[in-house]
Every structure is written in C-alpha cells, then in structure tokens.
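**Student:** Mind looking over this structure? Questions follow.
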Amino acid sequence: MRNESIVKAFKIIQLLMDDRNRSVTEICDKLSMSRRTFYYLIEFLRTQDIIIFKCNGCYHIDRRSPFITRLTHAAQFSDDELLTIRNLIGMMGEGNATVDSLRRKFDSSFDFTQIINNPERQRQTSIAKKLTRAIRDKRMVRIEDYSSPHSNSVTDRVVEPFMLMNDSRDVRCYELATGVNKTFKIARMGGVEILDTPWIHEGEHRQVFTDIFMFSGEERHHIKIRVNHLARNLFLEEFPQGRRYVSPSVGLAGSDSERWIIELDVCDFRGIGRFVLGLYNNINILADDDFEEYINDEIKIMTVKNHFDNIKIGDPANTAKVRAWRKAAGLPNRFGEEDEVSPSEP
C-alpha cells in the first residue's frame, strides 16, 4: 500500500471513531477520495483487526476492535460492563441532552449486535427471564444440569429463587434439599423449569450481604468504633467507599475534633479486625461485645505465638507444652489434634 493510501486509511479511522454519523459520500468528499477507494480501504482496515459496522446507514469503528484495544488497553470495557452502562442510559429516558449524547456515542462506538446476538448470551438471558417470572409469581423452579465446581457434579436442583444479582448473572435461591440459601450462577445452568409449586420457605429466604472488606454472608454484625485522626485517615485511604460510615464523635461537650466514629455492618470479623489490631492504640471498640471478644482472643493468640519460633507438624514432644500455653491463655487448640509447634528459647 502506498504512503498516500496509508494516510487516508488513518484519516478514515479518525473519522469513523468520532460520535458523528457520516455518510459514505460525506467521508469521500472530506478526504477527496472515490467511493471505490473508500470501500477498498474499509476492507483493508478489516484485515488489520479493526471491526467496522454500520449504524443507521453510516459506518463506525467498534472501539473494542483488537487493533484499538492494543492502543487503549487501560480504557477497555467488558461486554457485561458495556451492556450495563447502555441499560442504565436507557433507563434514564429521553429528552435530556447529556443522556441523549451519551446514547448516541455508545451506539455509534460499539457494535451491540455482536453482544446481544451471541448465542450463549441469548441462552442466559432466556434463563434469567424465566427466573424473573418465577420470582414474581413466587414459584419453585428446577435448575437443570447445574455444573458445580465444588462438588464436581452436574445435577438438577429444586429451589425457590427470590433475587437476581450481579446484573442478572447470579440468582439467590433457597435450596430445598439442603435447607440452605445459595447463590447460583446462571452460566452454569443447563436450563430452568418453572414448577407449579408455590414457595413454602419464604420466611427462611436470606439475602447475601457483602461488606466493604469484601467478606460475604447472611449474618451481619454491627460494629461501632471510635478512632483518632490517624486511624480515620488510614481507613478512608484504604476504603474510600466507607466514607459514609464515618462521622465526628459527639460527647457531652459537643463535637470532638480529635475523634471520629466508624459505624458499619460486617459479615466477618477478620476484615475489620485486621484494621483494629493494626491500629489498636488509636481505636476504642464501642460495639459489639462479640467483636470485642474476638479482638481479645486474637491478642491472646498473638501473645502465645510470641513464645514459639515456628510451627512444626507431627512433633509429639511439643504437644503438651503447646496445649499448656493455650490453656493458660484461655484459648482452644486451633492447631488440631495432630498439629504441634516448637517453643522458642527463653
């Protein structure tokens, strides 16, 4: 390809990646080229891993093209992210200039037909629609051929679905066989059959909760701690999404500019516990009692561990000494019946 044609090809890329709808005639006039040259360069660009599609009769370049991806790797969106953003824009309605501009940019920048028309996505969307109907009507369903990596099996599951999650990629259900609330991935389902049986365990449905430390579970613990400026700043730096849980401490004399309250729900003590133990002299625990007991136990464990250089497995000579240390500290044997440790020199 001659240098002149390469320059024109790059100019075509530039024009097709903006948010304007340009006709072939307009592009040819702007670049002073024939339609034959335009179509030739379009085919050439397609051979270079550039996805070109038509929208409303006008050509555009999909910004997820492999060629473009290599140039702008850090700013790429996954298919699920693109669909989520597009759906959110669609929910905003029409009439707002900014929203309308965003909609035009998205539709002209990405070929959504490749995403929406994907057979696997269509299959999962069909399953999600059935689950939505079952949730609305409060009906049980049979999940067919569910592939579980944990049990390494493919089985049918009879469940009561009650909540779609993660942009309809997961569904929260009460499983009748185990009597446990579980989260099932739609991608792992072979299919779904809506049963005529209504829910009978609605009172046992539990939503899963994920705290800011990324621990998930059904049970929540309400934690309240008082922190100084150092602990407050470190908390906000590490967990900026937790700003809404931080407020000034208020005493009898009014607001305390040197103290702050962090109050939030957690699923597991380990996340907030790591933070408290690391800044123990800068934090006071106000609630709850179970969390305070957990912290005290962890401090005892660390105290006991300071008396041992390393952990050995299967050394009977140290069994009695290890258990004596733990008994003195009021702790259970966490090493198991066969786990031993070697004591450090005094």
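Ordered as shown in the structure tokens, chains take letters A, B, and onward, while each chain numbers its residues from 1 and ligands are numbered from 1 in the order shown.
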Excluding Glu4 (chain A) and residues on its chain fewer than 5 positions from it, collect all residues at most 12 Å away from it, counting only C-alpha atoms, and give them as a PyMOL selection string.
**Tutor:** chain A and resi 9-11+31-33+37+41
**Student:** Can you tell me which residues surround Gly278 (chain A) at a distance of at most 12 Å, considering only C-alpha atoms, apart from same-chain residues fewer than 4 positions away, and format the answer as JSON, numbers by chain?
**Tutor:** {"A": [230, 231, 234, 235, 270, 271, 272, 273, 274, 282, 283, 295, 298, 299]}
**Student:** With C-alpha atoms kept, could you save the residues just selected as an mmCIF file, in the first residue's frame?
**Tutor:**
```cif
data_model
loop_
_atom_site.group_PDB
_atom_site.id
_atom_site.type_symbol
_atom_site.label_atom_id
_atom_site.label_comp_id
_atom_site.auth_asym_id
_atom_site.auth_seq_id
_atom_site.Cartn_x
_atom_site.Cartn_y
_atom_site.Cartn_z
ATOM 1 C CA LEU A 230 -4.565 8.718 62.077
ATOM 2 C CA ALA A 231 -6.935 5.721 62.086
ATOM 3 C CA LEU A 234 -5.910 5.354 57.021
ATOM 4 C CA PHE A 235 -9.430 3.878 56.942
ATOM 5 C CA ARG A 270 -11.461 -10.673 60.100
ATOM 6 C CA GLY A 271 -11.690 -7.649 57.802
ATOM 7 C CA ILE A 272 -12.424 -5.004 60.432
ATOM 8 C CA GLY A 273 -10.320 -6.991 62.924
ATOM 9 C CA ARG A 274 -7.173 -6.597 60.822
ATOM 10 C CA ASN A 282 -5.663 4.506 68.067
ATOM 11 C CA ILE A 283 -9.052 2.787 68.372
ATOM 12 C CA ILE A 295 -10.172 -8.958 69.321
ATOM 13 C CA GLU A 298 -6.673 -12.569 68.712
ATOM 14 C CA ILE A 299 -4.428 -10.624 71.079
#
```
**Student:** Could you check which of A:Phe209, A:Val276, A:Cys58, A:Asp145 is closest to Ile223 (chain A), using only C-alpha atoms?
**Tutor:**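 Closest candidate: A:Val276.
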**Student:** Between A:Leu195, A:Val250, A:Val208, A:Ile27, which one has atoms that come closest to Thr183 (chain A), using only C-alpha atoms?
**Tutor:**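 Smallest distance to Thr183 (chain A) is found for A:Val208.
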**Student:** Can you tell me, as a PDB file with N, CA and C atoms, in the first residue's frame, what residues are no more than 10 Å from Arg123 (chain A) when counting only C-alpha atoms, ignoring any on the same chain fewer than 6 positions away?
**Tutor:**
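Wrote out-v5.pdb, looks like this:
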```
ATOM      1  N   ILE A 186     -25.971 -18.309  36.641  1.00  0.00           N
ATOM      2  CA  ILE A 186     -26.826 -18.662  35.512  1.00  0.00           C
ATOM      3  C   ILE A 186     -26.014 -19.326  34.403  1.00  0.00           C
ATOM      4  N   ALA A 187     -24.765 -18.928  34.229  1.00  0.00           N
ATOM      5  CA  ALA A 187     -23.938 -19.506  33.174  1.00  0.00           C
ATOM      6  C   ALA A 187     -23.708 -20.995  33.362  1.00  0.00           C
ATOM      7  N   MET A 189     -25.983 -23.114  34.464  1.00  0.00           N
ATOM      8  CA  MET A 189     -27.255 -23.832  34.373  1.00  0.00           C
ATOM      9  C   MET A 189     -27.469 -24.358  32.960  1.00  0.00           C
ATOM     10  N   GLY A 190     -27.957 -25.612  32.882  1.00  0.00           N
ATOM     11  CA  GLY A 190     -28.321 -26.141  31.576  1.00  0.00           C
ATOM     12  C   GLY A 190     -29.668 -25.597  31.121  1.00  0.00           C
ATOM     13  N   GLY A 191     -30.532 -25.292  32.082  1.00  0.00           N
ATOM     14  CA  GLY A 191     -31.853 -24.748  31.787  1.00  0.00           C
ATOM     15  C   GLY A 191     -32.630 -24.567  33.079  1.00  0.00           C
TER      16      GLY A 191
END
```
**Student:** Measuring atom to atom with only C-alpha atoms, identify which of A:Ile143, A:Ile212, A:Leu164, A:Leu45 is nearest to Cys267 (chain A).
**Tutor:**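 Ranking A:Ile143, A:Ile212, A:Leu164, A:Leu45 by distance to Cys267 (chain A), first place goes to A:Ile212.
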**Student:** Residues of region 93-196 of chain A in strand (DSSP E) according to DSSP, as a short mmCIF file (atom, residue, chain, number, x, y, z; two decimals) with N, CA and C atoms, in the first residue's frame?
**Tutor:**
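Dumped to states-v7.cif:
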```cif
data_model
loop_
_atom_site.label_atom_id
_atom_site.label_comp_id
_atom_site.auth_asym_id
_atom_site.auth_seq_id
_atom_site.Cartn_x
_atom_site.Cartn_y
_atom_site.Cartn_z
N ARG A 139 -42.76 -18.87 42.64
CA ARG A 139 -42.82 -20.28 42.27
C ARG A 139 -41.45 -20.94 42.43
N MET A 140 -41.49 -22.23 42.73
CA MET A 140 -40.26 -23.02 42.73
C MET A 140 -39.83 -23.28 41.29
N VAL A 141 -38.55 -23.55 41.11
CA VAL A 141 -38.04 -23.92 39.80
C VAL A 141 -37.11 -25.12 39.94
N ARG A 142 -36.95 -25.83 38.86
CA ARG A 142 -35.95 -26.89 38.80
C ARG A 142 -34.80 -26.37 37.93
N ILE A 143 -33.65 -26.21 38.54
CA ILE A 143 -32.45 -25.85 37.78
C ILE A 143 -31.90 -27.13 37.17
N GLU A 144 -31.86 -27.18 35.85
CA GLU A 144 -31.47 -28.39 35.15
C GLU A 144 -29.96 -28.40 34.86
N ASP A 145 -29.37 -29.55 35.12
CA ASP A 145 -27.95 -29.78 34.78
C ASP A 145 -27.04 -28.67 35.29
N TYR A 146 -27.14 -28.38 36.59
CA TYR A 146 -26.28 -27.35 37.16
C TYR A 146 -24.88 -27.92 37.38
N SER A 147 -23.88 -27.26 36.81
CA SER A 147 -22.49 -27.73 36.90
C SER A 147 -21.82 -27.05 38.09
N SER A 148 -21.53 -27.85 39.11
CA SER A 148 -20.93 -27.31 40.32
C SER A 148 -19.45 -27.67 40.39
N SER A 153 -19.86 -32.02 40.04
CA SER A 153 -21.01 -32.80 39.59
C SER A 153 -21.94 -31.94 38.74
N VAL A 154 -22.80 -32.62 37.99
CA VAL A 154 -23.83 -31.95 37.20
C VAL A 154 -25.16 -32.56 37.64
N THR A 155 -25.99 -31.78 38.32
CA THR A 155 -27.23 -32.30 38.88
C THR A 155 -28.35 -31.29 38.72
N ASP A 156 -29.58 -31.78 38.92
CA ASP A 156 -30.74 -30.89 38.96
C ASP A 156 -30.93 -30.40 40.39
N ARG A 157 -31.38 -29.17 40.54
CA ARG A 157 -31.63 -28.60 41.86
C ARG A 157 -33.04 -28.00 41.90
N VAL A 158 -33.81 -28.34 42.92
CA VAL A 158 -35.12 -27.73 43.12
C VAL A 158 -34.95 -26.61 44.14
N VAL A 159 -35.30 -25.39 43.73
CA VAL A 159 -35.03 -24.23 44.57
C VAL A 159 -36.20 -23.25 44.54
N GLU A 160 -36.15 -22.32 45.49
CA GLU A 160 -37.06 -21.17 45.49
C GLU A 160 -36.22 -19.94 45.17
N PRO A 161 -36.23 -19.46 43.92
CA PRO A 161 -35.43 -18.27 43.58
C PRO A 161 -36.12 -17.02 44.10
N PHE A 162 -35.35 -16.10 44.69
CA PHE A 162 -36.00 -14.90 45.24
C PHE A 162 -35.26 -13.60 44.93
N MET A 163 -34.07 -13.67 44.30
CA MET A 163 -33.39 -12.43 43.98
C MET A 163 -32.33 -12.65 42.91
N LEU A 164 -32.41 -11.86 41.81
CA LEU A 164 -31.36 -11.87 40.80
C LEU A 164 -30.26 -10.91 41.24
N MET A 165 -29.01 -11.27 40.95
CA MET A 165 -27.87 -10.48 41.41
C MET A 165 -26.88 -10.29 40.28
N ASP A 170 -26.27 -13.91 38.40
CA ASP A 170 -26.43 -14.86 39.51
C ASP A 170 -27.85 -14.77 40.03
N VAL A 171 -28.28 -15.82 40.74
CA VAL A 171 -29.61 -15.81 41.36
C VAL A 171 -29.49 -16.39 42.77
N ARG A 172 -30.10 -15.72 43.71
CA ARG A 172 -30.12 -16.17 45.10
C ARG A 172 -31.33 -17.06 45.31
N CYS A 173 -31.12 -18.26 45.85
CA CYS A 173 -32.20 -19.25 45.99
C CYS A 173 -32.13 -19.94 47.34
N TYR A 174 -33.30 -20.46 47.74
CA TYR A 174 -33.37 -21.37 48.88
C TYR A 174 -33.45 -22.78 48.30
N GLU A 175 -32.46 -23.62 48.60
CA GLU A 175 -32.42 -24.98 48.07
C GLU A 175 -33.15 -25.92 49.01
N VAL A 180 -30.67 -24.64 52.66
CA VAL A 180 -29.67 -23.57 52.75
C VAL A 180 -29.89 -22.57 51.62
N ASN A 181 -29.69 -21.28 51.91
CA ASN A 181 -29.72 -20.26 50.87
C ASN A 181 -28.39 -20.27 50.13
N LYS A 182 -28.46 -20.32 48.81
CA LYS A 182 -27.25 -20.39 47.99
C LYS A 182 -27.35 -19.42 46.82
N THR A 183 -26.20 -19.08 46.28
CA THR A 183 -26.13 -18.25 45.08
C THR A 183 -25.70 -19.12 43.91
N PHE A 184 -26.53 -19.17 42.87
CA PHE A 184 -26.25 -19.99 41.69
C PHE A 184 -25.90 -19.08 40.51
N LYS A 185 -24.93 -19.51 39.73
CA LYS A 185 -24.53 -18.77 38.53
C LYS A 185 -25.36 -19.25 37.34
N GLY A 191 -30.53 -25.29 32.08
CA GLY A 191 -31.85 -24.75 31.79
C GLY A 191 -32.63 -24.57 33.08
N VAL A 192 -33.84 -24.05 32.95
CA VAL A 192 -34.69 -23.82 34.13
C VAL A 192 -36.12 -24.20 33.78
N GLU A 193 -36.77 -24.96 34.67
CA GLU A 193 -38.18 -25.31 34.51
C GLU A 193 -38.97 -24.71 35.68
N ILE A 194 -39.95 -23.87 35.36
CA ILE A 194 -40.80 -23.29 36.39
C ILE A 194 -41.82 -24.33 36.82
N LEU A 195 -41.90 -24.61 38.12
CA LEU A 195 -42.81 -25.61 38.66
C LEU A 195 -44.12 -24.96 39.10
N ASP A 196 -45.15 -25.75 39.25
CA ASP A 196 -46.45 -25.25 39.70
C ASP A 196 -46.49 -25.06 41.22
#
```
